[in-house]
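Engineer: Contents of start_29.tsv (TSV, C-alpha atoms):
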```
chain	number	residue	atom	x	y	z
M	193	ASP	CA	26.17	1.23	54.22
M	194	ALA	CA	24.95	2.76	50.99
M	195	LYS	CA	26.10	6.35	50.58
M	196	THR	CA	23.52	9.09	50.27
M	197	THR	CA	23.94	12.54	48.77
M	198	GLN	CA	21.80	15.47	49.90
M	199	PRO	CA	22.06	19.22	49.35
M	200	ASN	CA	23.66	20.96	52.32
M	201	SER	CA	20.82	23.44	52.65
M	202	MET	CA	17.46	24.43	51.23
M	203	GLU	CA	15.09	27.28	51.81
M	204	SER	CA	11.35	27.53	51.37
M	205	ASN	CA	8.42	29.67	52.40
M	206	GLU	CA	5.81	28.95	54.99
M	207	GLU	CA	2.68	27.14	53.74
M	208	GLU	CA	4.40	26.08	50.52
M	209	PRO	CA	5.37	22.50	49.62
M	210	VAL	CA	8.98	21.44	50.10
M	211	HIS	CA	10.73	18.72	48.14
M	212	LEU	CA	13.93	17.42	49.75
M	213	PRO	CA	15.99	15.26	47.37
M	214	CYS	CA	18.30	12.38	48.18
M	215	ASN	CA	20.50	10.35	45.83
M	216	HIS	CA	21.44	6.80	46.75
M	217	SER	CA	22.82	5.28	43.58
M	218	THR	CA	24.44	2.27	45.31
M	219	ILE	CA	21.22	1.10	46.94
M	220	SER	CA	20.43	-2.58	46.57
M	221	GLY	CA	17.11	-4.32	46.23
M	222	THR	CA	16.38	-5.00	49.88
M	223	ASP	CA	17.61	-1.70	51.33
M	224	TYR	CA	15.06	0.52	53.01
M	225	ILE	CA	15.13	4.30	52.74
M	226	HIS	CA	14.62	6.14	56.00
M	227	TRP	CA	14.20	9.83	56.73
M	228	TYR	CA	14.79	11.46	60.09
M	229	ARG	CA	14.84	15.11	61.06
M	230	GLN	CA	16.51	16.97	63.87
M	231	LEU	CA	15.04	20.16	65.25
M	232	PRO	CA	17.35	22.58	67.05
M	233	SER	CA	18.54	21.31	70.43
M	234	GLN	CA	16.70	17.99	70.07
M	235	GLY	CA	17.56	14.44	69.14
M	236	PRO	CA	16.68	13.13	65.68
M	237	GLU	CA	13.05	12.26	65.06
M	238	TYR	CA	11.71	9.58	62.71
M	239	VAL	CA	9.81	10.95	59.73
M	240	ILE	CA	9.09	8.17	57.26
M	241	HIS	CA	10.55	5.10	55.55
M	242	GLY	CA	9.89	3.05	52.43
M	243	LEU	CA	11.20	0.33	50.14
M	244	THR	CA	9.75	0.66	46.65
M	245	SER	CA	6.34	2.25	46.73
M	246	ASN	CA	5.59	5.83	47.62
M	247	VAL	CA	4.59	6.25	51.25
M	248	ASN	CA	2.44	8.76	53.07
M	249	ASN	CA	2.01	9.51	56.75
M	250	ARG	CA	0.79	12.41	58.83
M	251	MET	CA	4.17	14.13	58.69
M	252	ALA	CA	5.25	13.76	55.08
M	253	SER	CA	5.28	11.77	51.86
M	254	LEU	CA	8.14	9.77	50.43
M	255	ALA	CA	8.45	9.47	46.69
M	256	ILE	CA	10.86	6.77	45.54
M	257	ALA	CA	12.17	6.73	41.97
M	258	GLU	CA	11.39	3.67	39.90
M	259	ASP	CA	15.08	2.65	39.80
M	260	ARG	CA	15.31	3.43	43.54
M	261	LYS	CA	18.49	5.43	43.03
M	262	SER	CA	16.87	8.54	44.40
M	263	SER	CA	14.02	9.59	46.64
M	264	THR	CA	12.26	12.79	47.63
M	265	LEU	CA	10.79	13.72	50.97
M	266	ILE	CA	7.77	15.94	50.50
M	267	LEU	CA	6.42	18.29	53.13
M	268	HIS	CA	3.07	19.30	51.70
M	269	ARG	CA	2.65	22.58	53.53
M	270	ALA	CA	5.72	23.70	55.42
M	271	THR	CA	5.40	25.48	58.74
M	272	LEU	CA	8.06	27.28	60.74
M	273	ARG	CA	8.21	24.21	62.99
M	274	ASP	CA	9.50	22.17	60.05
M	275	ALA	CA	12.81	24.05	60.09
M	276	ALA	CA	15.32	21.32	60.87
M	277	VAL	CA	18.12	19.19	59.48
M	278	TYR	CA	16.68	16.34	57.41
M	279	TYR	CA	18.65	13.11	57.09
M	280	CYS	CA	18.18	10.53	54.36
M	281	ILE	CA	19.51	7.10	55.36
M	282	VAL	CA	19.72	3.85	53.43
M	283	LEU	CA	19.57	0.82	55.68
M	284	GLN	CA	21.39	-2.22	54.32
M	285	GLY	CA	19.87	-4.76	56.61
M	286	ALA	CA	22.08	-3.25	59.25
M	287	GLN	CA	21.10	-2.93	62.84
M	288	LYS	CA	22.12	0.72	63.08
M	289	LEU	CA	21.37	3.96	61.29
M	290	VAL	CA	24.33	5.70	59.67
M	291	PHE	CA	23.72	9.44	59.39
M	292	GLY	CA	25.27	11.77	56.82
M	293	GLN	CA	25.34	15.53	57.15
M	294	GLY	CA	21.76	16.00	56.01
M	295	THR	CA	19.97	19.01	54.53
M	296	ARG	CA	19.40	22.07	56.66
M	297	LEU	CA	15.92	23.36	55.81
M	298	THR	CA	15.07	26.98	56.47
M	299	ILE	CA	11.45	28.11	56.36
M	300	ASN	CA	10.76	31.78	55.73
M	301	PRO	CA	7.63	33.33	57.26
I	203	ASP	CA	5.13	6.11	76.34
I	204	THR	CA	7.29	8.56	78.27
I	205	GLY	CA	10.01	8.69	75.62
I	206	VAL	CA	13.75	8.21	76.00
I	207	SER	CA	15.23	10.08	78.97
I	208	GLN	CA	18.83	11.18	79.27
I	209	ASP	CA	20.62	12.56	82.27
I	210	PRO	CA	22.28	14.95	82.75
I	211	ARG	CA	21.27	17.21	79.91
I	212	HIS	CA	24.41	19.27	80.28
I	213	LYS	CA	27.78	18.47	81.82
I	214	ILE	CA	30.81	20.71	82.06
I	215	THR	CA	33.98	19.05	83.24
I	216	LYS	CA	37.70	19.60	83.32
I	217	ARG	CA	40.05	17.64	81.13
I	218	GLY	CA	41.10	14.42	82.79
I	219	GLN	CA	37.92	13.94	84.82
I	220	ASN	CA	35.55	11.02	84.38
I	221	VAL	CA	31.93	11.54	83.37
I	222	THR	CA	28.94	9.21	83.20
I	223	PHE	CA	25.72	9.61	81.24
I	224	ARG	CA	22.55	7.68	81.84
I	225	CYS	CA	19.86	6.69	79.37
I	226	ASP	CA	16.42	5.33	80.23
I	227	PRO	CA	14.83	3.87	77.10
I	228	ILE	CA	11.16	3.32	76.39
I	229	SER	CA	10.20	0.42	78.63
I	230	GLU	CA	9.22	-2.18	76.02
I	231	HIS	CA	12.20	-1.41	73.77
I	232	ASN	CA	14.85	-4.10	73.84
I	233	ARG	CA	17.46	-2.34	71.70
I	234	LEU	CA	19.42	0.67	72.91
I	235	TYR	CA	21.87	2.78	70.90
I	236	TRP	CA	24.44	5.43	71.73
I	237	TYR	CA	25.49	8.10	69.23
I	238	ARG	CA	27.80	11.10	69.42
I	239	GLN	CA	27.18	14.35	67.58
I	240	THR	CA	29.59	17.26	67.18
I	241	LEU	CA	28.58	20.69	65.99
I	242	GLY	CA	27.45	20.79	62.38
I	243	GLN	CA	27.77	17.03	61.88
I	244	GLY	CA	25.27	14.20	61.79
I	245	PRO	CA	25.14	11.75	64.68
I	246	GLU	CA	27.91	9.10	64.68
I	247	PHE	CA	27.15	5.58	65.86
I	248	LEU	CA	29.03	4.45	68.98
I	249	THR	CA	27.47	1.21	70.18
I	250	TYR	CA	24.24	-0.70	70.61
I	251	PHE	CA	22.72	-3.25	72.97
I	252	GLN	CA	20.10	-5.90	72.57
I	253	ASN	CA	18.78	-6.40	76.07
I	254	GLU	CA	21.96	-6.54	78.21
I	255	ALA	CA	24.27	-7.75	75.43
I	256	GLN	CA	26.50	-5.21	73.72
I	257	LEU	CA	26.37	-6.36	70.10
I	258	GLU	CA	28.42	-3.80	68.22
I	259	LYS	CA	30.99	-1.14	69.04
I	260	SER	CA	32.30	1.51	66.70
I	261	ARG	CA	36.01	2.17	66.31
I	262	LEU	CA	35.13	5.62	67.66
I	263	LEU	CA	34.60	3.99	71.04
I	264	SER	CA	38.16	4.13	72.37
I	265	ASP	CA	39.25	2.29	75.49
I	266	ARG	CA	38.40	5.40	77.53
I	267	PHE	CA	34.73	4.83	76.71
I	268	SER	CA	32.62	2.11	78.24
I	269	ALA	CA	28.92	1.45	77.96
I	270	GLU	CA	26.82	-0.90	80.01
I	271	ARG	CA	23.24	-2.04	80.19
I	272	PRO	CA	23.33	-4.35	83.20
I	273	LYS	CA	19.72	-5.50	83.43
I	274	GLY	CA	18.62	-4.77	79.91
I	275	SER	CA	16.83	-1.62	80.99
I	276	PHE	CA	18.73	1.64	81.50
I	277	SER	CA	22.22	2.16	80.12
I	278	THR	CA	25.26	4.18	81.15
I	279	LEU	CA	28.04	5.61	79.02
I	280	GLU	CA	31.22	6.45	80.91
I	281	ILE	CA	34.12	8.46	79.56
I	282	GLN	CA	37.34	8.23	81.54
I	283	ARG	CA	40.13	10.82	81.48
I	284	THR	CA	38.09	13.19	79.33
I	285	GLU	CA	39.78	15.16	76.56
I	286	GLN	CA	38.65	18.35	74.86
I	287	GLY	CA	37.89	16.34	71.74
I	288	ASP	CA	35.21	14.47	73.70
I	289	SER	CA	33.09	17.62	73.79
I	290	ALA	CA	29.91	16.68	71.96
I	291	MET	CA	26.25	15.80	72.31
I	292	TYR	CA	25.78	12.18	73.38
I	293	LEU	CA	22.50	10.80	72.09
I	294	CYS	CA	20.69	7.69	73.22
I	295	ALA	CA	18.00	5.93	71.20
I	296	SER	CA	15.88	2.86	71.66
I	297	ARG	CA	13.94	0.56	69.39
I	298	ARG	CA	11.17	-1.94	69.84
I	299	ARG	CA	11.94	-5.49	68.84
I	300	THR	CA	10.40	-6.05	65.42
I	301	GLY	CA	11.43	-7.97	62.37
I	302	GLY	CA	13.10	-6.56	59.28
I	303	SER	CA	15.38	-3.62	58.72
I	304	GLY	CA	12.51	-1.58	57.40
I	305	ALA	CA	11.11	-1.39	60.87
I	306	ASN	CA	14.32	-0.02	62.35
I	307	VAL	CA	12.57	3.04	63.72
I	308	LEU	CA	14.57	4.62	66.53
I	309	THR	CA	13.26	6.95	69.20
I	310	PHE	CA	15.95	9.37	70.35
I	311	GLY	CA	16.37	11.20	73.60
I	312	ALA	CA	17.21	14.90	73.74
I	313	GLY	CA	20.86	14.14	74.41
I	314	SER	CA	23.50	14.94	77.01
I	315	ARG	CA	25.79	17.79	76.05
I	316	LEU	CA	29.35	17.44	77.29
I	317	THR	CA	31.79	20.34	77.44
I	318	VAL	CA	35.38	19.50	78.40
I	319	LEU	CA	37.43	22.53	79.47
```
Turn the structure described in the file into structure tokens.
Structural biologist:
Amino acid sequence: DAKTTQPNSMESNEEEPVHLPCNHSTISGTDYIHWYRQLPSQGPEYVIHGLTSNVNNRMASLAIAEDRKSSTLILHRATLRDAAVYYCIVLQGAQKLVFGQGTRLTINP
Amino acid sequence: DTGVSQDPRHKITKRGQNVTFRCDPISEHNRLYWYRQTLGQGPEFLTYFQNEAQLEKSRLLSDRFSAERPKGSFSTLEIQRTEQGDSAMYLCASRRRTGGSGANVLTFGAGSRLTVL
């Protein structure tokens, strides 16, 4: 599976936008980029996924670089409930998700 | 959609005992996954089923671990002769049958936390 690199932790303030970066320089043309998050004491939760174009849903936006070697998860207006570990995963046509260590996001009130 | 259910949520056992975890996936989901997560780490893949067939097993799944999904519905994960290193959160996830890796959206349960004394 393609390796991803994320910062170990990030901090932001409530009601401000948050940009969570992910590098995936070994991604190939048919690999999808998935984001999951894990709130304290819960299982991971799907956030968003994309291939080439930027994607939006009710939870977040996914901005994918033109060369696809990096992507950014955007939370437009963070709330305290968005404090979680965010995982960026590149899926190489595999049948399973391979998680890294993710980014621990702290939201300050 | 009642979500993925796992039971028990917490299990404390003594080293050497056997433990079994159960996972009830979302009813129309044909794929079921087991992951293990230790403190501060991301979830690690253990195994997955498509209906009742176990299609892939990680090297992490030693011979003390066995998973079954007898009728393609619920699944069990048994750990025999538990060791302290087995202490972890065991997560189950399920996925609806769709085409393409892009649609590999998993729904996870809340997990079963195992503590081996």
Engineer: Considering only C-alpha atoms, extract the chain I residues located within 7 Å of chain M and return them as a PyMOL selection string.
Structural biologist: chain I and resi 243-247+293+303-304+307-313
Engineer: Can I get the selected residues back with C-alpha atoms, as a tab-separated table (two decimals), in the frame of the given file?
Structural biologist:
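Output file out25.tsv follows:
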```tsv
chain	number	residue	atom	x	y	z
I	243	GLN	CA	27.77	17.03	61.88
I	244	GLY	CA	25.27	14.20	61.79
I	245	PRO	CA	25.14	11.75	64.68
I	246	GLU	CA	27.91	9.10	64.68
I	247	PHE	CA	27.15	5.58	65.86
I	293	LEU	CA	22.50	10.80	72.09
I	303	SER	CA	15.38	-3.62	58.72
I	304	GLY	CA	12.51	-1.58	57.40
I	307	VAL	CA	12.57	3.04	63.72
I	308	LEU	CA	14.57	4.62	66.53
I	309	THR	CA	13.26	6.95	69.20
I	310	PHE	CA	15.95	9.37	70.35
I	311	GLY	CA	16.37	11.20	73.60
I	312	ALA	CA	17.21	14.90	73.74
I	313	GLY	CA	20.86	14.14	74.41
```
Engineer: In Å, how far is it from CA of Thr271 (chain M) to CA of Pro301 (chain M)?
Structural biologist: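 Distance reported for this atom pair: 8.3 Å.
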Engineer: Please measure the separation of CA of Arg224 (chain I) and CA of Cys280 (chain M), giving the value in Å to one decimal.
Structural biologist: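 Interatomic distance here is 28.0 Å.
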Engineer: CA of His231 (chain I) and CA of Asp209 (chain I) are how many Å apart?
Structural biologist: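 Value for the CA of His231 (chain I)-CA of Asp209 (chain I) distance: 18.4 Å.
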Engineer: Near Ala275 (chain M), counting only C-alpha atoms, which residues have an atom at most 12 Å away, once you skip same-chain residues fewer than 3 positions from it, shown as a PyMOL selection string?
Structural biologist: chain M and resi 201-206+210+229-232+267+270-272+278+295-301
Engineer: May I have the residues from that selection written out with C-alpha atoms, as an mmCIF file, in the coordinates of the input?
Structural biologist:
```cif
data_model
loop_
_atom_site.group_PDB
_atom_site.id
_atom_site.type_symbol
_atom_site.label_atom_id
_atom_site.label_comp_id
_atom_site.auth_asym_id
_atom_site.auth_seq_id
_atom_site.Cartn_x
_atom_site.Cartn_y
_atom_site.Cartn_z
ATOM 1 C CA SER M 201 20.820 23.440 52.650
ATOM 2 C CA MET M 202 17.460 24.430 51.230
ATOM 3 C CA GLU M 203 15.090 27.280 51.810
ATOM 4 C CA SER M 204 11.350 27.530 51.370
ATOM 5 C CA ASN M 205 8.420 29.670 52.400
ATOM 6 C CA GLU M 206 5.810 28.950 54.990
ATOM 7 C CA VAL M 210 8.980 21.440 50.100
ATOM 8 C CA ARG M 229 14.840 15.110 61.060
ATOM 9 C CA GLN M 230 16.510 16.970 63.870
ATOM 10 C CA LEU M 231 15.040 20.160 65.250
ATOM 11 C CA PRO M 232 17.350 22.580 67.050
ATOM 12 C CA LEU M 267 6.420 18.290 53.130
ATOM 13 C CA ALA M 270 5.720 23.700 55.420
ATOM 14 C CA THR M 271 5.400 25.480 58.740
ATOM 15 C CA LEU M 272 8.060 27.280 60.740
ATOM 16 C CA TYR M 278 16.680 16.340 57.410
ATOM 17 C CA THR M 295 19.970 19.010 54.530
ATOM 18 C CA ARG M 296 19.400 22.070 56.660
ATOM 19 C CA LEU M 297 15.920 23.360 55.810
ATOM 20 C CA THR M 298 15.070 26.980 56.470
ATOM 21 C CA ILE M 299 11.450 28.110 56.360
ATOM 22 C CA ASN M 300 10.760 31.780 55.730
ATOM 23 C CA PRO M 301 7.630 33.330 57.260
#
```
Engineer: Kindly indicate which residue among I:Gln219, I:Ser207, I:Gln252, I:Thr317 lies nearest to Gly287 (chain I), using all atoms listed in the file for the distances.
Structural biologist: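 Among the listed residues, I:Thr317 lies closest to Gly287 (chain I).
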Engineer: Taking only C-alpha atoms into account, name the residue in I:Arg217, I:Ala295, I:Ser314, I:Lys259 that is nearest to Gly205 (chain I).
Structural biologist: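 Between I:Arg217, I:Ala295, I:Ser314, I:Lys259, the residue approaching Gly205 (chain I) most closely is I:Ala295.
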Engineer: For region 248-254 of chain M, find every residue with an atom within 6 Å (counting all atoms listed in the file), except residues of its own chain fewer than 5 positions away, and show them as a PyMOL selection string.
Structural biologist: chain M and resi 264-267
Engineer: Go ahead and save the residues from that selection, with C-alpha atoms, as an mmCIF file, keeping the file's coordinate frame.
Structural biologist:
```
data_model
loop_
_atom_site.group_PDB
_atom_site.id
_atom_site.type_symbol
_atom_site.label_atom_id
_atom_site.label_comp_id
_atom_site.auth_asym_id
_atom_site.auth_seq_id
_atom_site.Cartn_x
_atom_site.Cartn_y
_atom_site.Cartn_z
ATOM 1 C CA THR M 264 12.260 12.790 47.630
ATOM 2 C CA LEU M 265 10.790 13.720 50.970
ATOM 3 C CA ILE M 266 7.770 15.940 50.500
ATOM 4 C CA LEU M 267 6.420 18.290 53.130
#
```
Engineer: Have a look at I:Tyr237, I:Leu257, I:Ser277, I:Arg211 and name the one nearest to Cys225 (chain I); count all atoms listed in the file.
Structural biologist: I:Ser277
Engineer: Please enclose the listed atoms of region 219-227 of chain I in an axis-aligned box, pad each side by 6 Å, and write out the centre and the three edge lengths in Å, rounded to one decimal, as JSON.
Structural biologist:
```
{"center_x": 26.4, "center_y": 8.9, "center_z": 81.0, "size_x": 35.1, "size_y": 22.1, "size_z": 19.7}
```
Engineer: Skip Arg260 (chain M) itself and residues of its chain fewer than 4 positions away, then list as a PyMOL selection string all residues within 10 Å of it, counting all atoms listed in the file.
Structural biologist: chain M and resi 215-221+223-225+243-245+255-256
